[in-house]
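Containing mmCIF, C-alpha atoms: model-v7.cif.
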```cif
data_upload
loop_
_atom_site.label_atom_id
_atom_site.label_comp_id
_atom_site.auth_asym_id
_atom_site.auth_seq_id
_atom_site.Cartn_x
_atom_site.Cartn_y
_atom_site.Cartn_z
CA MET A 1 42.42 198.07 76.29
CA THR A 2 42.41 195.96 79.44
CA GLN A 3 39.66 193.92 81.03
CA ALA A 4 37.78 195.91 83.68
CA ARG A 5 38.56 195.11 87.30
CA PRO A 6 36.93 196.25 90.56
CA LEU A 7 38.44 199.48 91.80
CA PRO A 8 40.09 199.39 95.24
CA THR A 9 38.60 201.22 98.19
CA GLU A 10 40.40 204.04 99.98
CA GLU A 11 40.94 201.60 102.86
CA ASP A 12 42.65 199.18 100.46
CA LEU A 13 44.95 201.90 99.16
CA GLN A 14 45.77 203.14 102.65
CA ALA A 15 46.73 199.60 103.65
CA ILE A 16 49.11 199.49 100.68
CA ARG A 17 50.65 202.80 101.71
CA GLU A 18 51.18 201.65 105.28
CA GLY A 19 52.71 198.35 104.17
CA VAL A 20 55.06 200.01 101.71
CA ARG A 21 56.02 202.67 104.25
CA ALA A 22 56.94 199.95 106.76
CA ALA A 23 59.05 198.12 104.16
CA CYS A 24 60.88 201.34 103.22
CA ALA A 25 61.41 202.54 106.79
CA PRO A 26 64.74 200.73 107.43
CA PHE A 27 66.23 202.48 104.40
CA GLY A 28 66.66 206.08 105.47
CA ASP A 29 68.47 209.11 104.12
CA ASP A 30 71.91 207.79 105.03
CA TYR A 31 71.30 204.61 103.01
CA TRP A 32 70.19 206.47 99.89
CA LEU A 33 72.95 209.06 100.17
CA ALA A 34 75.47 206.22 100.37
CA ARG A 35 74.01 204.61 97.24
CA ASP A 36 74.08 207.95 95.46
CA ASN A 37 77.77 208.24 96.34
CA ASP A 38 78.96 204.69 95.66
CA GLY A 39 76.55 203.74 92.84
CA GLN A 40 75.95 200.28 94.28
CA PHE A 41 72.64 198.69 93.34
CA PRO A 42 70.28 198.80 96.37
CA ARG A 43 70.23 195.01 96.80
CA GLU A 44 69.05 195.13 100.42
CA PHE A 45 66.11 197.33 99.47
CA HIS A 46 65.28 195.15 96.46
CA ARG A 47 65.35 192.04 98.66
CA ALA A 48 63.12 193.66 101.31
CA MET A 49 60.55 194.60 98.69
CA ALA A 50 60.65 191.10 97.21
CA ASP A 51 60.26 189.49 100.64
CA GLY A 52 57.26 191.73 101.28
CA GLY A 53 55.59 190.53 98.07
CA TRP A 54 55.66 193.98 96.48
CA LEU A 55 57.51 192.97 93.31
CA GLY A 56 54.52 190.91 92.21
CA ILE A 57 51.75 193.41 92.92
CA THR A 58 50.53 193.37 89.30
CA MET A 59 51.50 189.79 88.43
CA PRO A 60 48.91 186.98 88.16
CA GLU A 61 48.07 185.25 91.42
CA GLU A 62 48.63 181.78 89.94
CA PHE A 63 52.31 182.66 89.52
CA GLY A 64 52.86 184.11 92.99
CA GLY A 65 51.72 187.68 92.35
CA SER A 66 48.88 189.70 93.86
CA GLY A 67 46.95 190.23 90.63
CA LEU A 68 46.17 193.86 91.44
CA GLY A 69 45.68 196.78 89.09
CA VAL A 70 47.54 199.91 88.13
CA THR A 71 45.68 201.93 90.78
CA GLU A 72 47.24 199.80 93.50
CA ALA A 73 50.61 199.76 91.72
CA MET A 74 50.75 203.54 91.33
CA THR A 75 49.82 203.95 95.01
CA MET A 76 52.69 201.66 95.94
CA MET A 77 55.18 203.46 93.67
CA ASN A 78 54.07 206.89 94.87
CA GLU A 79 54.87 205.83 98.42
CA VAL A 80 58.19 204.22 97.44
CA ALA A 81 59.31 207.39 95.66
CA ALA A 82 58.35 209.53 98.65
CA CYS A 83 60.34 207.44 101.12
CA GLY A 84 63.60 209.35 100.58
CA GLY A 85 65.12 207.14 97.90
CA GLY A 86 63.62 209.14 95.06
CA PHE A 87 63.91 207.74 91.57
CA ALA A 88 66.67 205.36 92.65
CA ALA A 89 64.27 203.56 95.00
CA ALA A 90 61.44 203.63 92.47
CA SER A 91 63.54 202.38 89.57
CA THR A 92 64.89 199.51 91.65
CA ILE A 93 61.47 197.87 91.52
CA HIS A 94 59.59 199.75 88.77
CA ILE A 95 60.81 197.35 86.10
CA ASN A 96 58.93 194.44 87.72
CA LEU A 97 55.49 196.02 87.53
CA PHE A 98 54.55 196.54 83.89
CA GLY A 99 57.89 196.05 82.16
CA PRO A 100 57.35 192.26 81.84
CA HIS A 101 53.73 192.85 80.78
CA PRO A 102 54.30 191.29 77.32
CA ILE A 103 55.02 188.00 79.11
CA VAL A 104 51.70 188.18 80.97
CA VAL A 105 49.73 189.25 77.88
CA LYS A 106 51.33 187.12 75.15
CA GLY A 107 53.50 184.54 76.90
CA THR A 108 52.59 180.86 76.74
CA PRO A 109 51.54 179.07 79.96
CA GLU A 110 54.96 177.41 79.98
CA GLN A 111 56.76 180.76 79.63
CA LYS A 112 54.71 182.36 82.40
CA ALA A 113 55.37 179.44 84.74
CA ARG A 114 59.08 179.53 83.90
CA TRP A 115 59.63 183.28 84.22
CA VAL A 116 57.02 185.09 86.33
CA PRO A 117 57.51 183.36 89.72
CA ARG A 118 61.23 184.12 89.61
CA LEU A 119 60.54 187.80 88.89
CA VAL A 120 58.02 187.98 91.73
CA ALA A 121 60.47 186.37 94.16
CA GLY A 122 63.29 188.69 93.13
CA GLU A 123 65.38 185.73 91.98
CA ASP A 124 65.71 187.15 88.47
CA GLN A 125 66.47 190.74 87.55
CA CYS A 126 65.56 191.90 84.10
CA CYS A 127 66.92 194.74 82.00
CA PHE A 128 65.26 196.10 78.88
CA GLY A 129 66.98 196.46 75.52
CA PHE A 130 64.54 198.65 73.60
CA THR A 131 66.10 202.07 72.83
CA GLU A 132 68.81 202.48 70.21
CA PRO A 133 71.22 205.40 69.67
CA ASP A 134 70.00 206.23 66.14
CA ALA A 135 66.31 205.48 66.69
CA GLY A 136 65.44 207.16 69.99
CA LEU A 137 61.67 207.20 70.45
CA ASN A 138 61.11 206.17 66.81
CA THR A 139 60.99 202.48 67.69
CA THR A 140 60.21 201.38 64.12
CA ARG A 141 63.74 202.48 63.16
CA ILE A 142 65.59 200.02 65.40
CA LYS A 143 68.34 198.06 63.63
CA THR A 144 69.20 195.29 66.12
CA PHE A 145 68.46 192.18 64.08
CA ALA A 146 67.56 188.62 65.07
CA GLU A 147 68.35 186.22 62.24
CA LYS A 148 66.40 182.94 62.21
CA VAL A 149 68.60 179.88 62.57
CA PRO A 150 67.81 176.27 63.47
CA GLY A 151 66.35 176.21 66.99
CA GLY A 152 66.20 179.94 67.46
CA TYR A 153 67.77 183.24 66.47
CA VAL A 154 71.18 184.91 66.41
CA VAL A 155 71.18 188.58 67.33
CA HIS A 156 73.53 191.42 66.45
CA GLY A 157 73.07 195.08 67.32
CA GLN A 158 73.25 197.66 70.07
CA LYS A 159 71.00 199.35 72.63
CA VAL A 160 71.35 202.38 74.86
CA TRP A 161 69.89 203.49 78.20
CA THR A 162 69.51 199.88 79.24
CA SER A 163 68.87 200.15 82.98
CA THR A 164 70.24 197.56 85.47
CA ALA A 165 72.29 195.71 82.84
CA GLN A 166 75.21 195.73 85.30
CA VAL A 167 73.28 193.50 87.72
CA ALA A 168 70.59 191.80 85.59
CA ASN A 169 70.66 188.15 84.59
CA LYS A 170 67.76 188.45 82.13
CA ILE A 171 67.03 190.79 79.25
CA MET A 172 63.84 191.67 77.42
CA LEU A 173 65.05 192.49 73.94
CA LEU A 174 63.27 194.26 71.10
CA THR A 175 64.67 193.34 67.68
CA ARG A 176 63.83 193.34 64.03
CA THR A 177 63.27 189.95 62.46
CA THR A 178 62.38 191.54 59.12
CA LYS A 179 64.25 194.56 57.81
CA LEU A 180 62.27 197.79 57.70
CA GLU A 181 62.55 198.10 53.92
CA ASP A 182 60.99 194.65 53.51
CA CYS A 183 57.93 195.40 55.68
CA ALA A 184 54.50 196.52 54.45
CA ARG A 185 54.20 198.80 57.50
CA PRO A 186 56.97 200.28 59.66
CA THR A 187 55.50 198.59 62.75
CA ASP A 188 55.77 195.13 61.18
CA GLY A 189 58.74 192.82 61.56
CA ILE A 190 59.57 193.65 65.22
CA THR A 191 59.91 190.78 67.70
CA ILE A 192 60.29 190.59 71.50
CA PHE A 193 62.47 188.09 73.34
CA TYR A 194 63.01 187.40 77.04
CA THR A 195 66.22 185.51 77.54
CA ASP A 196 69.42 185.10 79.52
CA LEU A 197 71.79 188.06 79.52
CA ASP A 198 74.81 186.19 78.17
CA ARG A 199 77.76 188.46 78.97
CA SER A 200 80.03 186.52 76.63
CA LYS A 201 77.89 187.87 73.76
CA ILE A 202 76.64 191.14 75.28
CA ASP A 203 79.17 193.82 76.13
CA VAL A 204 77.81 196.19 78.79
CA HIS A 205 79.20 199.73 79.16
CA LEU A 206 78.14 201.93 82.07
CA ILE A 207 76.89 205.45 81.25
CA PRO A 208 77.90 207.94 83.99
CA LYS A 209 74.98 210.29 84.61
CA MET A 210 73.77 213.14 86.80
CA GLY A 211 71.29 211.24 88.97
CA ARG A 212 69.90 207.83 89.93
CA LYS A 213 73.47 206.57 90.20
CA ALA A 214 72.48 203.45 92.15
CA VAL A 215 70.37 202.15 89.25
CA ASP A 216 72.82 201.84 86.39
CA SER A 217 72.20 202.89 82.79
CA ASN A 218 74.20 201.34 80.00
CA ALA A 219 75.07 201.05 76.35
CA ILE A 220 75.09 197.40 75.32
CA PHE A 221 76.64 195.80 72.25
CA ILE A 222 75.28 192.44 71.10
CA ASP A 223 77.49 190.23 68.95
CA GLY A 224 76.17 186.79 68.01
CA LEU A 225 73.76 186.23 70.91
CA PHE A 226 71.83 182.97 70.39
CA ILE A 227 68.25 183.05 71.65
CA PRO A 228 66.32 179.78 71.66
CA GLU A 229 62.93 179.86 69.97
CA GLU A 230 61.15 179.15 73.27
CA ASP A 231 62.37 182.56 74.53
CA ARG A 232 60.41 184.45 71.87
CA ILE A 233 57.30 186.19 73.23
CA GLY A 234 54.25 185.83 71.00
CA GLU A 235 54.39 185.76 67.23
CA GLU A 236 57.42 186.69 65.22
CA GLY A 237 57.09 190.21 63.79
CA LYS A 238 54.21 191.28 66.08
CA GLY A 239 56.27 192.73 68.94
CA PHE A 240 55.50 196.38 68.32
CA GLY A 241 51.85 195.80 69.13
CA TYR A 242 52.77 193.91 72.30
CA ILE A 243 54.78 196.76 73.82
CA LEU A 244 51.82 199.12 73.39
CA HIS A 245 50.06 197.23 76.20
CA SER A 246 52.50 198.61 78.75
CA LEU A 247 52.85 202.23 77.56
CA ASN A 248 49.91 203.79 79.42
CA PRO A 249 50.61 201.95 82.71
CA GLU A 250 54.24 203.01 82.52
CA ARG A 251 53.28 206.66 82.09
CA ILE A 252 50.91 206.40 85.05
CA LEU A 253 53.58 204.82 87.24
CA ILE A 254 56.18 207.42 86.26
CA ALA A 255 53.67 210.15 87.11
CA ALA A 256 53.00 208.61 90.53
CA GLU A 257 56.73 208.33 91.20
CA ALA A 258 57.37 211.92 90.13
CA ILE A 259 54.67 213.13 92.50
CA GLY A 260 56.21 211.07 95.30
CA ILE A 261 59.61 212.67 94.72
CA GLY A 262 58.02 216.12 94.57
CA ARG A 263 56.11 215.56 97.81
CA ASP A 264 59.27 214.39 99.56
CA ALA A 265 61.21 217.44 98.36
CA LEU A 266 58.36 219.77 99.33
CA ARG A 267 58.16 218.20 102.80
CA ARG A 268 61.85 218.84 103.32
CA GLY A 269 61.53 222.42 102.13
CA VAL A 270 58.58 223.09 104.43
CA ASN A 271 60.32 221.57 107.45
CA TYR A 272 63.41 223.66 106.81
CA ALA A 273 61.27 226.80 106.46
CA LYS A 274 59.78 226.09 109.89
CA GLU A 275 63.13 225.45 111.57
CA ARG A 276 65.51 227.93 109.93
CA VAL A 277 65.64 231.20 111.88
CA VAL A 278 67.00 234.36 110.25
CA PHE A 279 66.53 237.90 111.64
CA ASP A 280 64.99 236.35 114.76
CA ARG A 281 62.10 234.64 112.96
CA PRO A 282 61.60 231.38 111.04
CA ILE A 283 61.95 232.00 107.33
CA GLY A 284 58.61 230.25 106.84
CA MET A 285 56.89 233.36 108.23
CA ASN A 286 57.91 235.24 105.11
CA GLN A 287 55.43 235.20 102.24
CA GLY A 288 58.35 235.09 99.82
CA ILE A 289 59.04 231.61 101.22
CA GLN A 290 55.44 230.55 101.92
CA HIS A 291 53.82 231.35 98.59
CA PRO A 292 56.13 229.35 96.27
CA LEU A 293 55.85 226.31 98.55
CA ALA A 294 52.07 226.59 98.63
CA GLU A 295 51.99 226.88 94.85
CA LYS A 296 54.12 223.76 94.39
CA TRP A 297 51.74 221.83 96.69
CA MET A 298 48.80 222.82 94.48
CA TYR A 299 50.56 221.70 91.32
CA LEU A 300 51.52 218.34 92.84
CA GLU A 301 47.99 217.66 94.08
CA SER A 302 46.47 218.64 90.72
CA ALA A 303 48.82 216.25 88.92
CA TRP A 304 47.90 213.53 91.43
CA LEU A 305 44.20 213.90 90.56
CA MET A 306 44.96 213.38 86.87
CA THR A 307 47.14 210.38 87.70
CA GLN A 308 44.35 208.82 89.73
CA GLN A 309 41.90 209.42 86.90
CA ALA A 310 44.20 207.76 84.36
CA ALA A 311 44.66 204.73 86.63
CA ARG A 312 40.92 204.35 87.21
CA LEU A 313 40.22 204.46 83.48
CA TYR A 314 42.91 201.88 82.77
CA ASP A 315 41.65 199.51 85.45
CA GLN A 316 38.09 199.84 84.11
CA GLY A 317 39.25 198.84 80.65
CA LEU A 318 38.56 202.30 79.22
CA PRO A 319 40.75 204.42 76.90
CA CYS A 320 43.23 206.46 78.93
CA GLY A 321 45.96 207.55 76.52
CA ALA A 322 45.26 211.27 76.89
CA GLU A 323 44.95 211.04 80.67
CA ALA A 324 48.05 208.87 81.14
CA ASN A 325 50.21 211.15 78.99
CA THR A 326 48.82 214.28 80.63
CA ALA A 327 49.46 212.82 84.08
CA LYS A 328 53.07 212.09 83.18
CA PHE A 329 53.58 215.59 81.75
CA LEU A 330 52.00 217.46 84.69
CA ALA A 331 53.58 215.26 87.36
CA ALA A 332 57.09 215.63 85.94
CA ARG A 333 56.75 219.41 85.76
CA ALA A 334 55.31 219.60 89.29
CA CYS A 335 58.05 217.30 90.62
CA HIS A 336 60.86 219.27 89.02
CA ASP A 337 59.45 222.61 90.23
CA ALA A 338 58.89 221.33 93.78
CA ALA A 339 62.40 219.89 93.97
CA TRP A 340 63.91 223.16 92.80
CA GLN A 341 61.82 225.13 95.30
CA ALA A 342 63.07 222.86 98.07
CA VAL A 343 66.66 223.63 97.05
CA ALA A 344 65.92 227.36 96.88
CA THR A 345 64.21 227.32 100.29
CA HIS A 346 67.35 225.83 101.82
CA GLY A 347 69.45 228.58 100.27
CA GLY A 348 73.13 227.72 100.23
CA PHE A 349 72.47 224.57 102.26
CA GLY A 350 70.27 223.32 99.43
CA TYR A 351 73.48 222.80 97.48
CA ALA A 352 74.89 220.55 100.22
CA LYS A 353 74.41 216.79 99.96
CA GLU A 354 73.64 216.41 103.65
CA TYR A 355 70.23 218.05 103.17
CA HIS A 356 69.29 215.64 100.34
CA VAL A 357 67.25 218.11 98.31
CA GLU A 358 70.01 218.52 95.71
CA ARG A 359 69.86 214.75 95.15
CA LEU A 360 66.09 214.86 94.68
CA TYR A 361 66.46 217.81 92.31
CA ARG A 362 68.95 215.90 90.16
CA GLU A 363 66.66 212.89 90.06
CA SER A 364 63.61 215.01 89.25
CA ALA A 365 65.14 215.93 85.89
CA LEU A 366 64.77 212.37 84.65
CA THR A 367 61.00 212.44 85.14
CA ARG A 368 60.77 215.10 82.42
CA LEU A 369 62.96 213.18 79.97
CA ALA A 370 61.87 209.55 80.18
CA PRO A 371 60.26 207.36 79.07
CA ILE A 372 58.75 209.92 76.68
CA THR A 373 59.64 213.55 76.15
CA GLU A 374 57.34 216.45 76.92
CA GLN A 375 57.33 217.44 73.26
CA LEU A 376 55.96 214.09 72.07
CA ILE A 377 53.26 214.23 74.73
CA LEU A 378 52.24 217.67 73.49
CA CYS A 379 52.15 216.32 69.92
CA PHE A 380 49.97 213.42 71.08
CA ILE A 381 47.48 215.68 72.84
CA ALA A 382 47.39 218.10 69.90
CA GLU A 383 46.67 215.29 67.43
CA LYS A 384 44.51 212.87 69.43
CA VAL A 385 42.57 215.27 71.67
CA LEU A 386 42.49 218.56 69.76
CA ASP A 387 42.27 216.88 66.32
CA LEU A 388 45.11 218.95 64.89
CA PRO A 389 47.18 217.65 61.94
CA LYS A 390 49.98 215.21 62.73
CA SER A 391 53.22 217.19 62.93
CA TYR A 392 55.85 214.47 62.50
#
```
Same coordinates, now as structure tokens:
Amino acid sequence: MTQARPLPTEEDLQAIREGVRAACAPFGDDYWLARDNDGQFPREFHRAMADGGWLGITMPEEFGGSGLGVTEAMTMMNEVAACGGGFAAASTIHINLFGPHPIVVKGTPEQKARWVPRLVAGEDQCCFGFTEPDAGLNTTRIKTFAEKVPGGYVVHGQKVWTSTAQVANKIMLLTRTTKLEDCARPTDGITIFYTDLDRSKIDVHLIPKMGRKAVDSNAIFIDGLFIPEEDRIGEEGKGFGYILHSLNPERILIAAEAIGIGRDALRRGVNYAKERVVFDRPIGMNQGIQHPLAEKWMYLESAWLMTQQAARLYDQGLPCGAEANTAKFLAARACHDAAWQAVATHGGFGYAKEYHVERLYRESALTRLAPITEQLILCFIAEKVLDLPKSY
């Protein structure tokens, strides 16, 4: 649970939207289509967002950030995702918002001073080594192990779906420091580190994928990586509890991004329906075109209300697990459906890259898969809200 903070006014949030929109404006459809084709990390976009101060929106003011809450952050990310860059644009900067939260919550003053200003300024890029091939969402089953040695730890293991490892110079790494079989509880014995991504000890392999090509995903193999003790975050063996701090904000941000992508896709579908003339009339006059678009708008706006509610609860220091998970679930579904409807509204042209809706549709799929599956959200709601027996 977080400390309560004053909620922003609508004027504050509108100012954020206008500022973000201005920062995104130079990066139009041609830019994002080029990145989708060549897979190059959007460095120019990342630099523009850093120069505008947006990378530090949630970071403490004493370290160069703005010290704002998740309500402001989700407003920013909703606008970023709606700018035409979709999940590629959002993921370029998403990692800076609540990904490094363990540093802010459990880092020492020296660690915060050493790491946070560089993240805010865009001088460091961090990737996250959390997920493992054989563990998936069952984080207690990770096997990557950090062995204590004089002055620090030596790590061996592997991770998968590590985003931005092709371009990052830092890594936040989740490891075991005590083997699972030697722990009193499965959540014990897990430790977080934030350290240099030493490519002589970490082998990075790109994973080709269907969308978000500009923000790379990777399998990484760690063989004898030395991590100095001063790069450990918090207490040894307490890392599982630390990552819980960022789970609800991440779900809220993903929801806001999904809604942004859905709104962008819907806007394109509506515009095409107004402009496309068949049988001497715009296709948007036909109820067969109108009604599905109207329905997708309703779903997106309903998901947005739940996302706003989750953010308000979080910023007031109130429990928001059910709301954050529900927001992520509803927003991902609404995004995916809106993106598909945009493709369908374009007909055959929806399959063509030049109209961009096929790109948004491909990227919308990820919102339903990560960072938590729909099935686990349903299990959470069934158990925690409806008080049904735990099913796994």
Evaluate the PyMOL selection byres ((chain A and resi 226-238) around 6) and report residues as a PyMOL selection string: chain A and resi 106-107+151-154+188-195+225+239-241
query: Contacts of region 276-293 of chain A at 10 Å or less, counting only C-alpha atoms, minus same-chain residues fewer than 4 places along, as a ChimeraX atom specification?
result: /A:266-267,269-272,297-298,337-338,341-342,344-346
- request: Would you mind telling me which residue in A:Thr187, A:Thr139, A:Thr307, A:Thr367 lies nearest to Ala73 (chain A) when using all atoms listed in the file?
  value: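 Closest to Ala73 (chain A), using all atoms listed in the file: A:Thr307.
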task: Measure the distance from CA of Asn169 (chain A) to CA of Phe130 (chain A) in Å and round it to one decimal.
output: 16.4 Å
- request: Identify, on the basis of all atoms listed in the file, every residue whose closest approach to region 5-22 of chain A does not exceed 12 Å; exclude the query and any residue fewer than 6 positions from it along the same chain; express the result as a ChimeraX atom specification.
  value: /A:28,45,48-55,57,66-85,89-90,260,308-309,311-318
Option closest in space to Leu366 (chain A), from A:Met210, A:Leu247, A:Ala303, A:Ile381 [counting all atoms listed in the file]: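 Ranked by minimum distance to Leu366 (chain A), first place goes to A:Met210.
For the structure shown here, the set of residues caught by the PyMOL selection byres ((chain A and resi 62) around 12) is A:Gly56, A:Thr58, A:Met59, A:Pro60, A:Glu61, A:Phe63, A:Gly64, A:Gly65, A:Ser66, A:Gly67, A:Val104, A:Pro109, A:Lys112, A:Ala113, A:Val116, A:Pro117, A:Val120.
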Excluding His245 (chain A) and any residue of its chain fewer than 6 positions from it, enumerate the residues within 12 Å of it, using only C-alpha atoms, and give them as a PDB file with C-alpha atoms, keeping the file's coordinate frame.
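Contents of result.pdb, as written:
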```pdb
ATOM      1  CA  MET A   1      42.420 198.070  76.290  1.00  0.00           C
ATOM      2  CA  THR A   2      42.410 195.960  79.440  1.00  0.00           C
ATOM      3  CA  GLN A   3      39.660 193.920  81.030  1.00  0.00           C
ATOM      4  CA  PHE A  98      54.550 196.540  83.890  1.00  0.00           C
ATOM      5  CA  GLY A  99      57.890 196.050  82.160  1.00  0.00           C
ATOM      6  CA  PRO A 100      57.350 192.260  81.840  1.00  0.00           C
ATOM      7  CA  HIS A 101      53.730 192.850  80.780  1.00  0.00           C
ATOM      8  CA  PRO A 102      54.300 191.290  77.320  1.00  0.00           C
ATOM      9  CA  ILE A 103      55.020 188.000  79.110  1.00  0.00           C
ATOM     10  CA  VAL A 104      51.700 188.180  80.970  1.00  0.00           C
ATOM     11  CA  VAL A 105      49.730 189.250  77.880  1.00  0.00           C
ATOM     12  CA  LYS A 106      51.330 187.120  75.150  1.00  0.00           C
ATOM     13  CA  GLY A 239      56.270 192.730  68.940  1.00  0.00           C
ATOM     14  CA  ARG A 251      53.280 206.660  82.090  1.00  0.00           C
ATOM     15  CA  TYR A 314      42.910 201.880  82.770  1.00  0.00           C
ATOM     16  CA  GLY A 317      39.250 198.840  80.650  1.00  0.00           C
ATOM     17  CA  PRO A 319      40.750 204.420  76.900  1.00  0.00           C
ATOM     18  CA  CYS A 320      43.230 206.460  78.930  1.00  0.00           C
ATOM     19  CA  GLY A 321      45.960 207.550  76.520  1.00  0.00           C
TER      20      GLY A 321
END
```
message: Going by the chain IDs and residue numbers used in this file, which residues fall under the PyMOL selection byres ((chain A and resi 142) around 8)? Write them as number ranges by chain.
response: A: 131-132, 134-135, 138-141, 143-144, 175-176
message: Taking all atoms listed in the file into account, name the residue in A:Gly262, A:Pro371, A:Pro186, A:Gly350 that is nearest to Arg333 (chain A).
response: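 Closest to Arg333 (chain A) of all the choices is A:Gly262.
For the set A:Leu174, A:Ala184, A:Ala273, A:Leu244, the residue with the smallest atom-to-atom gap to Gly347 (chain A) is A:Ala273, counting all atoms listed in the file.
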- request: Could you check how far CA of Leu369 (chain A) sits from CA of Ile261 (chain A), in Å to one decimal?
  value: 15.1 Å
- request: State, in Å with one decimal place, the distance from CA of Gly86 (chain A) to CA of Glu44 (chain A).
  value: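 CA of Glu44 (chain A) lies 16.0 Å from CA of Gly86 (chain A).
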- request: Please write as a list of chain:residue names the list of polymer residues whose atoms come within 9 Å of (71.4, 194.6, 77.0), counting all atoms listed in the file and keeping to the coordinates of the file.
  value: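 Returned residue set, sorted by chain then number, is A:Cys127, A:Phe128, A:Gly129, A:Phe130, A:Gln158, A:Lys159, A:Val160, A:Thr162, A:Ser163, A:Ala165, A:Lys170, A:Ile171, A:Met172, A:Leu173, A:Leu197, A:Ile202, A:Asp203, A:Val204, A:Asn218, A:Ala219, A:Ile220, A:Phe221, A:Ile222.
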query: In terms of the shortest atom-to-atom distance over all atoms listed in the file, which of A:Ala88, A:Thr177, A:Gln40, A:Leu376 is closest to Glu147 (chain A)?
result: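 Among A:Ala88, A:Thr177, A:Gln40, A:Leu376, it is A:Thr177 that comes nearest to Glu147 (chain A).
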- prompt: Pick the closest to Glu363 (chain A) from A:Cys183, A:Leu137, A:Leu253, A:Ala265: which is it, counting all atoms listed in the file?
  reply: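 Checking each of A:Cys183, A:Leu137, A:Leu253, A:Ala265 against Glu363 (chain A), counting all atoms listed in the file, the winner is A:Ala265.
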message: Could you list, as a list in words, every residue within 12 Å of Met306 (chain A), counting all atoms listed in the file and ignoring same-chain residues fewer than 5 positions away?
response: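 Near Met306 (chain A), the qualifying residues are Arg251, Ile252, Ala255, Ala256, Ile259, Tyr299, Leu300, Glu301, Ala311, Arg312, Leu313, Cys320, Gly321, Ala322, Glu323, Ala324, Asn325, Thr326, Ala327, Lys328, Phe329, Leu330 and Ala331 of chain A.
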Please reconstruct the missing atoms of region 343-358 of chain A (target: N, CA and C atoms) and return them as a tab-separated table (two decimals), keeping the file's coordinate frame.
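This went into part.tsv:
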```tsv
chain	number	residue	atom	x	y	z
A	343	VAL	N	65.26	223.19	97.06
A	343	VAL	CA	66.66	223.63	97.05
A	343	VAL	C	66.73	225.12	97.36
A	344	ALA	N	65.89	225.90	96.69
A	344	ALA	CA	65.92	227.36	96.88
A	344	ALA	C	65.54	227.74	98.31
A	345	THR	N	64.62	227.03	98.91
A	345	THR	CA	64.21	227.32	100.29
A	345	THR	C	65.36	227.09	101.26
A	346	HIS	N	66.18	226.10	100.98
A	346	HIS	CA	67.35	225.83	101.82
A	346	HIS	C	68.47	226.83	101.60
A	347	GLY	N	68.38	227.63	100.56
A	347	GLY	CA	69.45	228.58	100.27
A	347	GLY	C	70.75	227.85	99.95
A	348	GLY	N	71.83	228.35	100.48
A	348	GLY	CA	73.13	227.72	100.23
A	348	GLY	C	73.18	226.27	100.68
A	349	PHE	N	72.46	225.95	101.77
A	349	PHE	CA	72.47	224.57	102.26
A	349	PHE	C	71.76	223.62	101.29
A	350	GLY	N	70.91	224.17	100.43
A	350	GLY	CA	70.27	223.32	99.43
A	350	GLY	C	71.26	222.70	98.47
A	351	TYR	N	72.43	223.30	98.37
A	351	TYR	CA	73.48	222.80	97.48
A	351	TYR	C	74.32	221.71	98.15
A	352	ALA	N	74.11	221.53	99.45
A	352	ALA	CA	74.89	220.55	100.22
A	352	ALA	C	74.20	219.19	100.21
A	353	LYS	N	74.98	218.14	100.03
A	353	LYS	CA	74.41	216.79	99.96
A	353	LYS	C	73.72	216.38	101.25
A	354	GLU	N	74.18	216.88	102.38
A	354	GLU	CA	73.64	216.41	103.65
A	354	GLU	C	72.16	216.76	103.83
A	355	TYR	N	71.65	217.70	103.05
A	355	TYR	CA	70.23	218.05	103.17
A	355	TYR	C	69.36	217.32	102.15
A	356	HIS	N	69.97	216.58	101.24
A	356	HIS	CA	69.29	215.64	100.34
A	356	HIS	C	68.45	216.27	99.24
A	357	VAL	N	68.12	217.54	99.33
A	357	VAL	CA	67.25	218.11	98.31
A	357	VAL	C	67.97	218.27	96.97
A	358	GLU	N	69.29	218.44	96.98
A	358	GLU	CA	70.01	218.52	95.71
A	358	GLU	C	69.96	217.18	94.99
```
